[in-house]
Structure formats: C-alpha cells, structure tokens
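Peer 1: Got a structure for you, coords.cif, holding mmCIF, C-alpha atoms.
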```cif
data_final
#
loop_
_atom_site.label_atom_id
_atom_site.label_comp_id
_atom_site.auth_asym_id
_atom_site.auth_seq_id
_atom_site.Cartn_x
_atom_site.Cartn_y
_atom_site.Cartn_z
CA GLY A 28 0.00 0.00 0.00
CA ARG A 29 2.88 2.46 0.74
CA SER A 30 4.45 1.78 -2.66
CA LEU A 31 1.38 3.14 -4.38
CA LEU A 32 2.04 6.53 -2.81
CA LEU A 33 5.65 6.73 -4.05
CA PRO A 34 6.83 7.42 -7.64
CA HIS A 35 7.97 4.39 -9.66
CA ASP A 36 10.25 4.17 -12.67
CA ASP A 37 9.62 2.04 -15.74
CA HIS A 38 11.11 -1.02 -14.04
CA GLY A 39 8.92 -0.84 -10.96
CA HIS A 40 11.56 0.49 -8.55
CA VAL A 41 10.64 3.12 -6.02
CA GLY A 42 12.12 6.35 -7.31
CA SER A 43 12.43 8.19 -4.02
CA THR A 44 14.99 5.80 -2.48
CA GLY A 45 17.80 6.31 -4.98
CA SER A 46 17.15 9.55 -6.78
CA THR A 47 17.74 12.24 -4.18
CA GLY A 48 20.32 14.03 -6.30
CA SER A 49 20.92 17.53 -7.41
CA THR A 50 17.65 17.76 -9.30
CA GLY A 51 15.56 17.30 -6.18
CA SER A 52 17.71 19.65 -4.19
CA THR A 53 17.49 22.34 -6.85
CA GLY A 54 13.75 21.96 -7.08
CA SER A 55 13.41 22.27 -3.33
CA THR A 56 15.63 25.36 -3.27
CA GLY A 57 13.72 26.93 -6.14
CA SER A 58 10.37 26.32 -4.51
CA THR A 59 11.65 27.75 -1.22
CA GLY A 60 12.89 30.88 -2.99
CA ALA A 61 9.57 31.28 -4.78
CA GLU A 62 7.69 30.89 -1.50
CA MET A 63 9.88 33.51 0.17
CA ALA A 64 9.35 35.91 -2.74
CA ASP A 65 5.59 35.40 -2.59
CA ARG A 66 5.64 35.88 1.16
CA THR A 67 7.62 39.11 0.83
CA GLN A 68 5.21 40.40 -1.79
CA LEU A 69 2.24 39.57 0.41
CA THR A 70 3.90 41.34 3.34
CA VAL A 71 4.44 44.48 1.26
CA LEU A 72 0.85 44.42 0.04
CA TRP A 73 -0.45 43.93 3.58
CA GLU A 74 1.66 46.80 4.94
CA ARG A 75 0.38 49.03 2.15
CA PHE A 76 -3.32 48.17 2.10
CA GLY A 77 -3.84 46.42 5.46
CA PRO A 78 -4.50 49.48 7.65
CA ARG A 79 -7.10 50.94 5.31
CA SER A 80 -8.69 47.52 4.87
CA ARG A 81 -9.10 47.25 8.65
CA ASP A 82 -10.59 50.75 8.79
CA LEU A 83 -13.03 49.85 6.04
CA ALA A 84 -13.99 46.70 7.93
CA CYS A 85 -14.65 48.72 11.11
CA VAL A 86 -16.85 51.16 9.17
CA ALA A 87 -18.77 48.29 7.57
CA VAL A 88 -19.37 46.56 10.91
CA GLY A 89 -20.44 49.87 12.43
CA LEU A 90 -22.92 50.53 9.64
CA LEU A 91 -24.35 47.01 9.96
CA THR A 92 -24.70 47.51 13.72
CA ALA A 93 -26.46 50.83 13.15
CA PHE A 94 -28.83 49.24 10.66
CA ALA A 95 -29.55 46.34 13.02
CA GLU A 96 -30.22 48.67 15.95
CA ALA A 97 -32.52 50.89 13.93
CA ARG A 98 -34.41 47.89 12.63
CA ALA A 99 -34.78 46.50 16.17
CA ARG A 100 -36.38 49.79 17.33
CA ARG A 101 -38.90 50.10 14.51
CA SER A 102 -41.64 49.15 16.92
CA GLY A 103 -41.28 52.58 18.54
CA SER A 104 -41.72 56.00 17.04
CA THR A 105 -40.30 56.62 13.60
CA LEU A 106 -38.36 59.68 14.73
CA ALA A 107 -36.67 57.81 17.57
CA TRP A 108 -35.34 54.85 15.59
CA SER A 109 -34.39 57.14 12.69
CA LEU A 110 -32.31 59.34 14.99
CA VAL A 111 -30.70 56.29 16.60
CA GLY A 112 -29.83 54.76 13.21
CA ALA A 113 -28.50 58.07 11.80
CA THR A 114 -26.38 58.78 14.89
CA ALA A 115 -24.92 55.27 14.88
CA ALA A 116 -24.22 55.46 11.14
CA ILE A 117 -22.44 58.82 11.49
CA GLY A 118 -20.36 57.41 14.35
CA ALA A 119 -19.44 54.40 12.23
CA LEU A 120 -18.31 56.64 9.38
CA THR A 121 -15.98 58.55 11.71
CA LEU A 122 -13.96 55.34 12.16
CA TRP A 123 -12.44 55.97 8.72
CA TRP A 124 -10.43 58.86 10.24
CA ARG A 125 -9.52 57.10 13.48
CA ARG A 126 -5.79 56.97 12.69
CA ARG A 127 -5.55 60.62 11.74
CA HIS A 128 -7.76 62.03 14.54
CA PRO A 129 -7.84 59.44 17.34
CA VAL A 130 -8.97 61.84 20.09
CA ALA A 131 -11.90 63.19 18.08
CA VAL A 132 -13.01 59.69 17.06
CA ALA A 133 -12.83 58.45 20.66
CA VAL A 134 -14.93 61.39 21.88
CA ALA A 135 -17.40 60.81 19.06
CA GLY A 136 -17.62 57.16 20.08
CA VAL A 137 -18.47 58.15 23.66
CA VAL A 138 -21.19 60.50 22.34
CA VAL A 139 -22.62 57.73 20.14
CA LEU A 140 -22.58 55.40 23.14
CA ALA A 141 -24.49 57.92 25.24
CA ALA A 142 -27.04 58.58 22.48
CA THR A 143 -27.65 55.05 21.20
CA GLY A 144 -26.15 52.65 23.71
CA LEU A 145 -24.00 51.02 20.98
CA PRO A 146 -20.42 50.50 22.28
CA LEU A 147 -18.65 49.63 18.98
CA VAL A 148 -17.44 53.11 17.99
CA ALA A 149 -16.41 53.92 21.57
CA ALA A 150 -14.49 50.63 21.92
CA VAL A 151 -12.61 51.09 18.63
CA GLY A 152 -11.96 54.75 19.48
CA LEU A 153 -10.48 53.87 22.89
CA PHE A 154 -8.30 51.17 21.31
CA THR A 155 -6.98 53.55 18.63
CA LEU A 156 -6.36 56.34 21.15
CA ALA A 157 -4.39 53.95 23.39
CA VAL A 158 -2.27 52.90 20.41
CA ASP A 159 -1.49 56.53 19.55
CA ARG A 160 -0.88 57.99 23.00
CA ARG A 161 -0.71 56.94 26.62
CA ASP A 162 -1.08 60.10 28.65
CA ARG A 163 -3.62 62.23 30.54
CA VAL A 164 -5.85 62.60 27.49
CA LEU A 165 -6.29 58.83 27.30
CA ALA A 166 -6.99 58.66 31.03
CA ALA A 167 -9.61 61.42 30.84
CA VAL A 168 -11.42 59.90 27.84
CA THR A 169 -11.30 56.48 29.51
CA VAL A 170 -12.90 57.82 32.73
CA VAL A 171 -15.68 59.51 30.74
CA ALA A 172 -16.22 56.34 28.73
CA ILE A 173 -16.49 54.24 31.91
CA ALA A 174 -19.09 56.67 33.28
CA VAL A 175 -21.12 56.54 30.06
CA PHE A 176 -20.80 52.74 29.95
CA THR A 177 -22.16 52.60 33.49
CA LEU A 178 -25.07 54.94 32.78
CA THR A 179 -26.14 53.20 29.57
CA SER A 180 -25.89 49.80 31.21
CA SER A 181 -28.10 50.89 34.13
CA VAL A 182 -31.08 51.55 31.85
CA ASP A 183 -33.67 48.80 32.33
CA ASN A 184 -31.18 46.82 34.43
CA ASP A 185 -31.50 45.64 38.04
CA ILE A 186 -27.73 45.18 38.66
CA ASP A 187 -26.34 47.27 41.52
CA TRP A 188 -24.15 50.25 40.75
CA THR A 189 -20.97 48.71 42.12
CA SER A 190 -21.21 45.78 39.75
CA LEU A 191 -22.03 48.11 36.86
CA VAL A 192 -18.94 50.26 37.57
CA VAL A 193 -16.71 47.20 37.80
CA LEU A 194 -18.15 45.73 34.60
CA SER A 195 -17.79 49.02 32.72
CA THR A 196 -14.22 49.44 33.97
CA VAL A 197 -13.31 45.94 32.80
CA GLU A 198 -14.87 46.51 29.38
CA ALA A 199 -13.20 49.88 28.81
CA GLY A 200 -9.94 48.73 30.40
CA PHE A 201 -9.73 45.75 28.05
CA PHE A 202 -9.73 47.91 24.93
CA VAL A 203 -7.36 50.47 26.47
CA ALA A 204 -4.93 47.75 27.59
CA ALA A 205 -5.02 46.08 24.18
CA GLY A 206 -4.34 49.38 22.42
CA ALA A 207 -1.57 50.28 24.87
CA TYR A 208 0.12 46.93 24.23
CA VAL A 209 -0.02 47.39 20.45
CA GLY A 210 1.23 50.97 20.72
CA ALA A 211 4.09 50.05 23.05
CA ARG A 212 5.11 47.22 20.74
CA ARG A 213 5.10 49.53 17.74
CA ASP A 214 7.18 52.10 19.63
CA LEU A 215 9.66 49.38 20.60
CA VAL A 216 9.97 48.14 17.02
CA ALA A 217 10.42 51.71 15.77
CA ALA A 218 13.09 52.37 18.42
CA LEU A 219 14.94 49.16 17.52
CA ARG A 220 14.78 50.01 13.83
CA GLU A 221 16.06 53.52 14.50
CA ARG A 222 18.84 52.12 16.66
CA ALA A 223 19.83 49.68 13.91
CA GLU A 224 19.85 52.45 11.31
CA ARG A 225 21.90 54.67 13.63
CA ALA A 226 24.34 51.82 14.30
CA GLU A 227 24.68 51.24 10.56
CA ALA A 228 25.26 54.95 10.00
CA ASP A 229 27.84 55.00 12.81
CA GLN A 230 29.54 52.01 11.26
CA ASP A 231 29.75 53.84 7.94
CA VAL A 232 31.19 56.88 9.72
CA ARG A 233 33.78 54.73 11.51
CA ALA A 234 34.70 53.05 8.24
CA GLU A 235 35.10 56.45 6.57
CA GLN A 236 37.22 57.68 9.47
CA ALA A 237 39.38 54.57 9.20
CA ARG A 238 39.82 55.18 5.48
CA LEU A 239 40.78 58.82 6.10
CA ALA A 240 43.23 57.80 8.82
CA GLU A 241 44.80 55.23 6.52
CA ARG A 242 45.07 57.81 3.74
CA ALA A 243 46.76 60.23 6.14
CA ARG A 244 49.13 57.49 7.25
CA ILE A 245 50.02 56.63 3.67
CA ALA A 246 50.54 60.33 2.92
CA ARG A 247 52.96 60.65 5.86
CA GLU A 248 54.87 57.56 4.77
CA MET A 249 55.06 58.81 1.21
CA HIS A 250 56.33 62.17 2.43
CA ASP A 251 58.96 60.57 4.63
CA VAL A 252 60.18 58.33 1.83
CA LEU A 253 59.98 60.56 -1.22
CA ALA A 254 60.62 64.09 0.05
CA HIS A 255 64.27 63.47 0.91
CA LYS A 256 65.08 61.62 -2.31
CA VAL A 257 63.26 64.10 -4.53
CA SER A 258 65.04 66.99 -2.83
CA LEU A 259 68.39 65.33 -3.57
CA ILE A 260 67.40 64.88 -7.22
CA ALA A 261 66.31 68.52 -7.46
CA LEU A 262 69.54 69.63 -5.79
CA GLN A 263 71.69 67.71 -8.29
CA ALA A 264 69.63 68.96 -11.24
CA GLY A 265 69.93 72.54 -9.94
CA ALA A 266 73.71 72.15 -9.63
CA LEU A 267 73.93 71.04 -13.26
CA GLU A 268 71.68 73.90 -14.33
CA VAL A 269 73.64 76.71 -12.67
CA ARG A 270 77.02 75.60 -14.02
CA ALA A 271 77.94 77.66 -17.04
CA ALA A 272 79.79 74.97 -19.00
CA PRO A 273 79.79 71.65 -17.17
CA THR A 274 82.25 69.08 -18.36
CA ALA A 275 81.22 65.67 -19.59
CA ASP A 276 82.49 64.09 -16.40
CA GLN A 277 80.44 66.47 -14.27
CA VAL A 278 77.29 65.79 -16.29
CA ALA A 279 77.89 62.03 -16.10
CA THR A 280 78.51 62.18 -12.35
CA GLY A 281 75.39 64.27 -11.75
CA ALA A 282 73.27 62.00 -13.94
CA ALA A 283 74.58 58.93 -12.15
CA VAL A 284 73.69 60.41 -8.76
CA ILE A 285 70.22 61.36 -10.02
CA ARG A 286 69.69 57.89 -11.44
CA ALA A 287 70.88 56.18 -8.25
CA THR A 288 68.75 58.45 -6.07
CA ALA A 289 65.66 57.83 -8.23
CA ARG A 290 66.25 54.08 -8.04
CA GLU A 291 66.58 54.24 -4.25
CA ALA A 292 63.38 56.30 -4.07
CA MET A 293 61.48 53.67 -6.08
CA GLU A 294 62.86 50.87 -3.89
CA ASP A 295 61.92 52.74 -0.70
CA LEU A 296 58.47 53.47 -2.11
CA ARG A 297 57.97 49.81 -2.95
CA ASP A 298 59.09 48.75 0.53
CA VAL A 299 56.76 51.23 2.25
CA LEU A 300 53.79 50.18 0.13
CA GLY A 301 54.48 46.55 0.94
CA VAL A 302 54.64 47.31 4.64
CA LEU A 303 51.40 49.31 4.44
CA ARG A 304 49.57 46.47 2.66
CA VAL A 305 50.72 43.88 5.18
CA ASP A 306 50.33 46.14 8.18
CA ALA A 307 47.01 47.87 7.37
CA ALA A 308 45.08 45.67 9.81
CA ASP A 309 46.85 46.51 13.08
CA GLY A 310 48.48 49.83 12.22
CA SER A 311 51.84 48.98 13.78
CA ASP A 312 55.11 50.21 12.28
CA THR A 313 57.07 47.27 10.90
CA THR A 314 59.53 49.33 8.84
CA PRO A 315 63.08 47.91 9.20
CA THR A 316 64.91 49.58 12.06
CA PRO A 317 67.64 51.97 10.81
CA ARG A 318 71.18 51.53 12.13
CA ALA A 319 73.95 54.06 12.67
CA GLU A 320 75.31 53.50 9.18
CA ASP A 321 71.85 54.24 7.74
CA ILE A 322 71.85 57.67 9.38
CA ALA A 323 75.41 58.24 8.17
CA ARG A 324 74.32 57.22 4.66
CA VAL A 325 71.61 59.90 4.67
CA VAL A 326 74.18 62.53 5.62
CA ASP A 327 76.63 61.26 3.00
CA ALA A 328 73.92 61.48 0.31
CA SER A 329 73.31 65.13 1.20
CA ARG A 330 77.05 65.76 1.20
CA ALA A 331 77.35 64.19 -2.24
CA ALA A 332 74.56 66.46 -3.47
CA GLY A 333 76.59 69.54 -2.51
CA VAL A 334 75.45 70.24 1.05
CA ALA A 335 78.27 70.87 3.53
CA ALA A 336 76.82 68.39 6.02
CA GLU A 337 78.67 67.13 9.09
CA LEU A 338 77.60 64.24 11.32
CA ARG A 339 78.42 64.11 15.02
CA MET A 340 77.12 60.92 16.59
CA ASP A 341 78.17 59.36 19.87
CA VAL A 342 75.37 56.80 20.20
CA VAL A 343 75.22 53.51 18.29
CA ASP A 344 72.71 51.02 19.64
CA LEU A 345 69.39 52.77 20.01
CA PRO A 346 66.04 51.16 20.80
CA ASP A 347 64.10 50.30 17.66
CA ALA A 348 61.39 52.94 17.94
CA VAL A 349 63.87 55.66 18.94
CA ALA A 350 66.28 54.72 16.13
CA ARG A 351 63.48 54.81 13.56
CA THR A 352 62.27 58.23 14.72
CA ALA A 353 65.81 59.62 14.94
CA HIS A 354 66.45 58.51 11.37
CA ARG A 355 63.31 60.34 10.24
CA VAL A 356 64.27 63.48 12.17
CA VAL A 357 67.64 63.58 10.41
CA ARG A 358 66.07 62.90 7.04
CA GLU A 359 63.37 65.54 7.48
CA GLY A 360 65.90 68.11 8.70
CA LEU A 361 68.19 67.55 5.71
CA THR A 362 65.19 67.58 3.37
CA ASN A 363 64.28 71.05 4.62
CA VAL A 364 67.90 72.14 4.12
CA HIS A 365 67.73 70.91 0.50
CA LYS A 366 64.50 72.84 -0.08
CA HIS A 367 65.08 76.10 1.75
CA ALA A 368 68.81 76.47 2.52
CA ARG A 369 70.79 74.72 -0.19
CA GLY A 370 74.48 75.34 0.13
CA ALA A 371 74.25 76.23 3.84
CA ALA A 372 76.62 74.43 6.18
CA THR A 373 74.69 71.92 8.27
CA VAL A 374 75.58 69.97 11.39
CA VAL A 375 73.68 66.83 12.40
CA THR A 376 74.16 65.76 16.02
CA LEU A 377 73.00 62.60 17.80
CA SER A 378 73.83 62.34 21.47
CA GLY A 379 72.53 60.88 24.70
CA ASP A 380 72.39 57.78 26.82
CA ALA A 381 69.93 55.59 28.70
CA THR A 382 69.72 58.12 31.56
CA SER A 383 69.34 61.46 29.80
CA GLY A 384 67.55 60.24 26.68
CA VAL A 385 68.40 60.88 23.03
CA THR A 386 68.77 64.31 21.47
CA VAL A 387 68.81 64.80 17.70
CA GLU A 388 69.72 68.19 16.25
CA VAL A 389 69.88 69.44 12.68
CA VAL A 390 71.33 72.94 12.56
CA ASN A 391 72.13 74.88 9.40
CA ARG A 392 73.69 78.29 9.00
CA ARG A 393 72.03 81.19 7.27
CA PRO A 394 71.76 80.42 3.55
CA ALA A 395 73.24 82.72 0.94
CA GLY A 396 69.94 83.03 -0.92
CA HIS A 397 66.30 82.78 0.02
CA ALA A 398 64.92 81.10 -3.09
CA CYS A 399 63.08 77.87 -2.36
CA LEU A 400 64.19 74.94 -4.52
CA LEU A 401 61.01 72.89 -4.01
CA PRO A 402 57.57 73.81 -2.63
CA GLY A 403 56.81 72.43 0.81
CA ALA A 404 53.72 70.40 1.61
CA GLY A 405 53.56 71.67 5.18
CA VAL A 406 53.04 68.23 6.69
CA GLY A 407 56.60 67.07 7.30
CA LEU A 408 57.14 68.78 10.65
CA LEU A 409 53.58 68.04 11.76
CA GLY A 410 53.96 64.33 11.10
CA LEU A 411 57.40 64.31 12.69
CA GLU A 412 56.12 66.06 15.80
CA GLU A 413 53.37 63.46 16.07
CA ARG A 414 55.89 60.62 15.89
CA VAL A 415 58.17 62.19 18.50
CA THR A 416 55.24 62.95 20.82
CA LEU A 417 54.04 59.35 20.62
CA LEU A 418 57.43 58.31 22.04
CA GLY A 419 57.01 60.72 24.94
CA GLY A 420 59.46 63.24 23.52
CA SER A 421 59.33 66.78 22.18
CA LEU A 422 60.24 68.54 18.94
CA HIS A 423 61.23 72.19 18.54
CA ALA A 424 62.03 73.92 15.25
CA GLY A 425 62.72 77.57 14.62
CA PRO A 426 65.24 80.18 13.51
CA GLY A 427 68.62 80.27 15.17
CA ALA A 428 70.53 83.19 16.57
CA ASP A 429 72.77 83.46 13.48
CA GLY A 430 69.87 83.54 11.02
CA GLY A 431 69.94 79.85 10.32
CA TRP A 432 67.50 77.13 11.36
CA ARG A 433 67.59 74.71 14.26
CA MET A 434 65.48 71.60 14.72
CA THR A 435 65.85 69.69 17.98
CA ALA A 436 64.12 66.49 18.99
CA TRP A 437 64.40 64.81 22.38
CA MET A 438 63.15 61.29 23.10
CA PRO A 439 63.37 59.11 26.19
CA TRP A 440 65.65 56.12 25.80
CA GLY A 441 63.49 53.46 27.38
CA HIS A 442 60.25 53.89 25.38
CA SER A 443 58.86 50.49 24.42
#
```
What is this structure when it is put down as structure tokens?
Peer 2:
Amino acid sequence: GRSLLLPHDDHGHVGSTGSTGSTGSTGSTGSTGAEMADRTQLTVLWERFGPRSRDLACVAVGLLTAFAEARARRSGSTLAWSLVGATAAIGALTLWWRRRHPVAVAVAGVVVLAATGLPLVAAVGLFTLAVDRRDRVLAAVTVVAIAVFTLTSSVDNDIDWTSLVVLSTVEAGFFVAAGAYVGARRDLVAALRERAERAEADQDVRAEQARLAERARIAREMHDVLAHKVSLIALQAGALEVRAAPTADQVATGAAVIRATAREAMEDLRDVLGVLRVDAADGSDTTPTPRAEDIARVVDASRAAGVAAELRMDVVDLPDAVARTAHRVVREGLTNVHKHARGAATVVTLSGDATSGVTVEVVNRRPAGHACLLPGAGVGLLGLEERVTLLGGSLHAGPGADGGWRMTAWMPWGHS
C-alpha cells in the first residue's frame, strides 16, 4: 500500500529511495525561494493596504450595527429609531479617520454610546487612542467612557451600581490595555529600527574615518620616503643647471647620482607600500629599524649632493622605535635644508644615553639666498612632531641666533 504513494520508474523500482540528487535539491531550493518571494510580496501588500482595509472593515461593521439597531427599534416612534440609526451610522463613518484624529473619534464614540447605547465606535476609538498615546488625554477619555458605559448599562437593568462600575471598567480597560500593548510594541519596534539604522550609519562613519586615517598614514609615509630623495634629485639637477659649461664628467657624475637616487626612491616606495599592505590591519610600524650606518648614509647622500653636512654621533645602539624616529628626524631636517637652505653648512648631532635620553639636532647656517628649490607640503614637521610625541618626547624647530634654522628632537631612551 505504501508503494502506491511513491513514484515508480519504468522497471517498478521506487524512485524516491535512490534519486535524491541535485535535481531534487534544486527543485526544493527553487520552490523555497519562490515561497519567500511570494511571502515578501504579500507582506508588502499587507503593509500598504492592510491598515485601510481594517478601517473599512470597522466602518462596515459599524454601519451594519447601526442598521440592526434601527431595525430593532422600529416598533417605537419613527423619529426615535431614525435618529438612533443616523447617529450610529455617522459614528461608524468617523472610524475611517480614526488613525488621523484618534482623540476626536474616541470622543465621538463616547457620544454615540451615550445617544444610542452602541459601544462599537467607543471601543474602537479607545483602542486607537491607546495605540497613539498613553497620557492624561487617554486617562480622561477612559474615565468619561467608563461613566457613560455605566449609565447606559443601568437603563432597564436591576444590577447594583458597584457591579455596573466594575463591569464598565473591565470593558473599557480591556480595549485600552489592548491598544496600549499594540502601541508600546510599535514604539519598541520603531526604536529598535532607529537604533539599527543609527548603528549602521555610525559604522559607515567609523569606516570612513578609518579610510581617512589610513590615507593620512600613507601620505605621511610617502612624504617621509619621497621628500628626501626628490630633494636630492632637485639639488643635483639645480647644480647642473647653474654651471655655465659643465664638463662631460660632471654631467655624467650628476646624472649617475640622479639615477641612483631615483632608483633608491622607487625601492623605498615599494618597501613602504608593501609594509602598508601587510600592516594595514593593526596599524603597527614594521619598517626595518635603521642603524647608525643608515643615518650616516643619509648625511653622505646630502654631502654628495653639494650640502656641507657634518655628522656628530656618539650613540650607536638605540632602541628600535627611537632609532626609527631619529632617522626620520635627520632625514626631514636635511630635506628642509635641501629645499630652503641649499648650500648652507649643516651639522647633524645625535647624542645621549639611557639616563638622559636621546637628542637629535639638525642645525644649518644662514643660507646665501632665500629662493626655495622645491615647494613644501607643510606636513613634514607636523607628522614628525606626532611621531616624537608618541614616544614621549618633544620637537622644537625655529630660527637660530645666526639667522639659520635649528630643529631639535628629544626622546626618552626606554620607550617600548
């Protein structure tokens, strides 16, 4: 009997026991997706037309109740049942505007209740008012509604007043409590949705801030790497330009220095970009730690470019972070000499110990001319001051007594 309910192939085998392959899985997935799409469409349609459909249903029920009440009172005078039916019908029609004017509809419902004894409009009005607001207005309308409920219920009724008050309070309280629950739930959902949207917006802001910070970091690294090399290239090119009749050896020497400096700049740029790609996640500085010969090489490069640079260094083994920052202080100081004081005698000094800390000075004399070889970006000293401050040190730069320029950086030795 069970085999009759299962699909068979041409040979009489039950198809469901050995054919659960990709076709069945795809069909199940496709049907699930179609069901979800249909459900989403139904949800959108219900959110769009559902509220007005419920309002229309309330109006229709109210009109039917008014018609039934008027028909039940036809045994009395024609004027009486006509007024009752018209008042109830007008009250039912006001339910169409219950969402836009909840207070007015609730008051109209209480008036209809007092005039006809029909509680439908008052009940729906109290429910809608409780959904919209939960304050003194709701309390006042509820008290009036309880009083009217009690008075209308006492007509042709032998129940004592205490029971009538309790019964009316329970009836009105039910609709108010139901409306308050729906309103509180809607407020909670709206608050959660607003919080989610605000969290998403904050996340976008944090992501944008992270992108801006990373761009600023890349800009600082590019400045540190390229500014010194480009200034050397410009200095060599300027030396070739100002010579009246350079010899072939001088041109070849200058071109070789420019080519070597450009190659070093490209290699440094490639190294920094590689470090930034690998290190973008945690933001730490994994640039190779410069040694004493690296600082001496920077000074030698400036000397080869025509700057009368002198190095005075009595420290060798510096902590990694301090050595890296000291190297950048020397490089930035010589870069500024190349830009703004080419040809001025410059002294680079590194001194200190584990007790007094490390002091780095780049001092140049007053230059012969004031023409600037390269425009400045204005971010070199700012970035350098930030690096020195992060180590717990200080950076000071300004004109010297002899008209030159002095840049001094101090850093504690034991910064980790």
Peer 1: Return as a list of chain:residue names the set of residues that the PyMOL selection byres ((chain A and resi 379-384) around 7) yields on the displayed structure.
Peer 2: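 That expression, the PyMOL selection byres ((chain A and resi 379-384) around 7), corresponds here to A:Val342, A:Ser378, A:Val385, A:Thr386, A:Met438, A:Pro439, A:Trp440, A:Gly441.
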Peer 1: Based on the selection just made, write C-alpha atoms of those residues as a short mmCIF file (atom, residue, chain, number, x, y, z; two decimals), keeping the file's coordinate frame.
Peer 2:
```cif
data_model
loop_
_atom_site.label_atom_id
_atom_site.label_comp_id
_atom_site.auth_asym_id
_atom_site.auth_seq_id
_atom_site.Cartn_x
_atom_site.Cartn_y
_atom_site.Cartn_z
CA VAL A 342 75.37 56.80 20.20
CA SER A 378 73.83 62.34 21.47
CA VAL A 385 68.40 60.88 23.03
CA THR A 386 68.77 64.31 21.47
CA MET A 438 63.15 61.29 23.10
CA PRO A 439 63.37 59.11 26.19
CA TRP A 440 65.65 56.12 25.80
CA GLY A 441 63.49 53.46 27.38
#
```
Peer 1: Pick the closest to Gly370 in chain A from A:Leu262, A:Ala282, A:Leu253, A:Val343: which is it, counting only C-alpha atoms?
Peer 2: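 When distances to Gly370 in chain A are compared using only C-alpha atoms, the smallest one comes from A:Leu262.
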Peer 1: What does the structure give for the distance between CA of Ser190 in chain A and CA of Gly144 in chain A, in Å to one decimal?
Peer 2: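 CA of Ser190 in chain A sits 18.1 Å away from CA of Gly144 in chain A.
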Peer 1: Please compute the CA of Ile285 in chain A-CA of Glu268 in chain A distance, one decimal, in Å.
Peer 2: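 Atom-to-atom, CA of Ile285 in chain A to CA of Glu268 in chain A, that is 13.3 Å.
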Peer 1: What does the structure give for the distance between CA of Val364 in chain A and CA of Pro317 in chain A, in Å to one decimal?
Peer 2: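 For CA of Val364 in chain A relative to CA of Pro317 in chain A, the distance reads 21.3 Å.
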Peer 1: Need the shell around Leu178 in chain A: protein/DNA/RNA residues with any atom at most 12 Å away, counting all atoms listed in the file. Skip same-chain ones fewer than 5 positions apart. Format as a list in words?
Peer 2: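 Listed by chain and then number, they are Val137, Leu140, Ala141, Ala142, Thr143, Gly144, Val171, Ala172, Ile173, Asp183, Asn184, Ile186, Asp187, Trp188, Thr189, Leu191, Val192, Leu194 and Ser195 of chain A.
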Peer 1: Just want the 9 Å neighbourhood of Val148 in chain A, counted on all atoms listed in the file, with same-chain residues fewer than 6 positions away dropped. Output as a list in words.
Peer 2: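 Selected residues are Cys85, Gly89, Ala115, Gly118, Ala119, Thr121, Leu122, Val132, Ala133, Ala135, Gly136, Val137, Val139 and Leu140 of chain A.
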Peer 1: Go ahead and save the residues from that selection, with C-alpha atoms, as a tab-separated table (two decimals), keeping the file's coordinate frame.
Peer 2:
```
chain	number	residue	atom	x	y	z
A	85	CYS	CA	-14.65	48.72	11.11
A	89	GLY	CA	-20.44	49.87	12.43
A	115	ALA	CA	-24.92	55.27	14.88
A	118	GLY	CA	-20.36	57.41	14.35
A	119	ALA	CA	-19.44	54.40	12.23
A	121	THR	CA	-15.98	58.55	11.71
A	122	LEU	CA	-13.96	55.34	12.16
A	132	VAL	CA	-13.01	59.69	17.06
A	133	ALA	CA	-12.83	58.45	20.66
A	135	ALA	CA	-17.40	60.81	19.06
A	136	GLY	CA	-17.62	57.16	20.08
A	137	VAL	CA	-18.47	58.15	23.66
A	139	VAL	CA	-22.62	57.73	20.14
A	140	LEU	CA	-22.58	55.40	23.14
```
Peer 1: How would you write, as a ChimeraX atom specification, the residues chosen by the PyMOL selection byres ((chain A and resi 414) around 12) on this structure?
Peer 2: /A:244,247-248,251,312,348-356,407-413,415-422,436-438
Peer 1: Hey, could you pull the box centre and edge lengths for range 422-440 of chain A, axis-aligned, 5 Å padding per side, all listed atoms, to one decimal in Å, as lines of an AutoDock Vina configuration file?
Peer 2:
```
center_x = 66.5
center_y = 69.8
center_z = 18.3
size_x = 22.5
size_y = 37.4
size_z = 25.9
```
Peer 1: With distances taken over only C-alpha atoms, which residue among A:Leu147, A:Ala292, A:Met340, A:Val334 lies nearest Met249 in chain A?
Peer 2: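 Closest candidate: A:Ala292.
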Peer 1: Can you spell out as a PyMOL selection string the set of residues that the PyMOL selection byres ((chain A and resi 152) around 10) selects in the structure I just provided?
Peer 2: chain A and resi 121-122+125-126+128-137+146-151+153-158+168+202-203+206
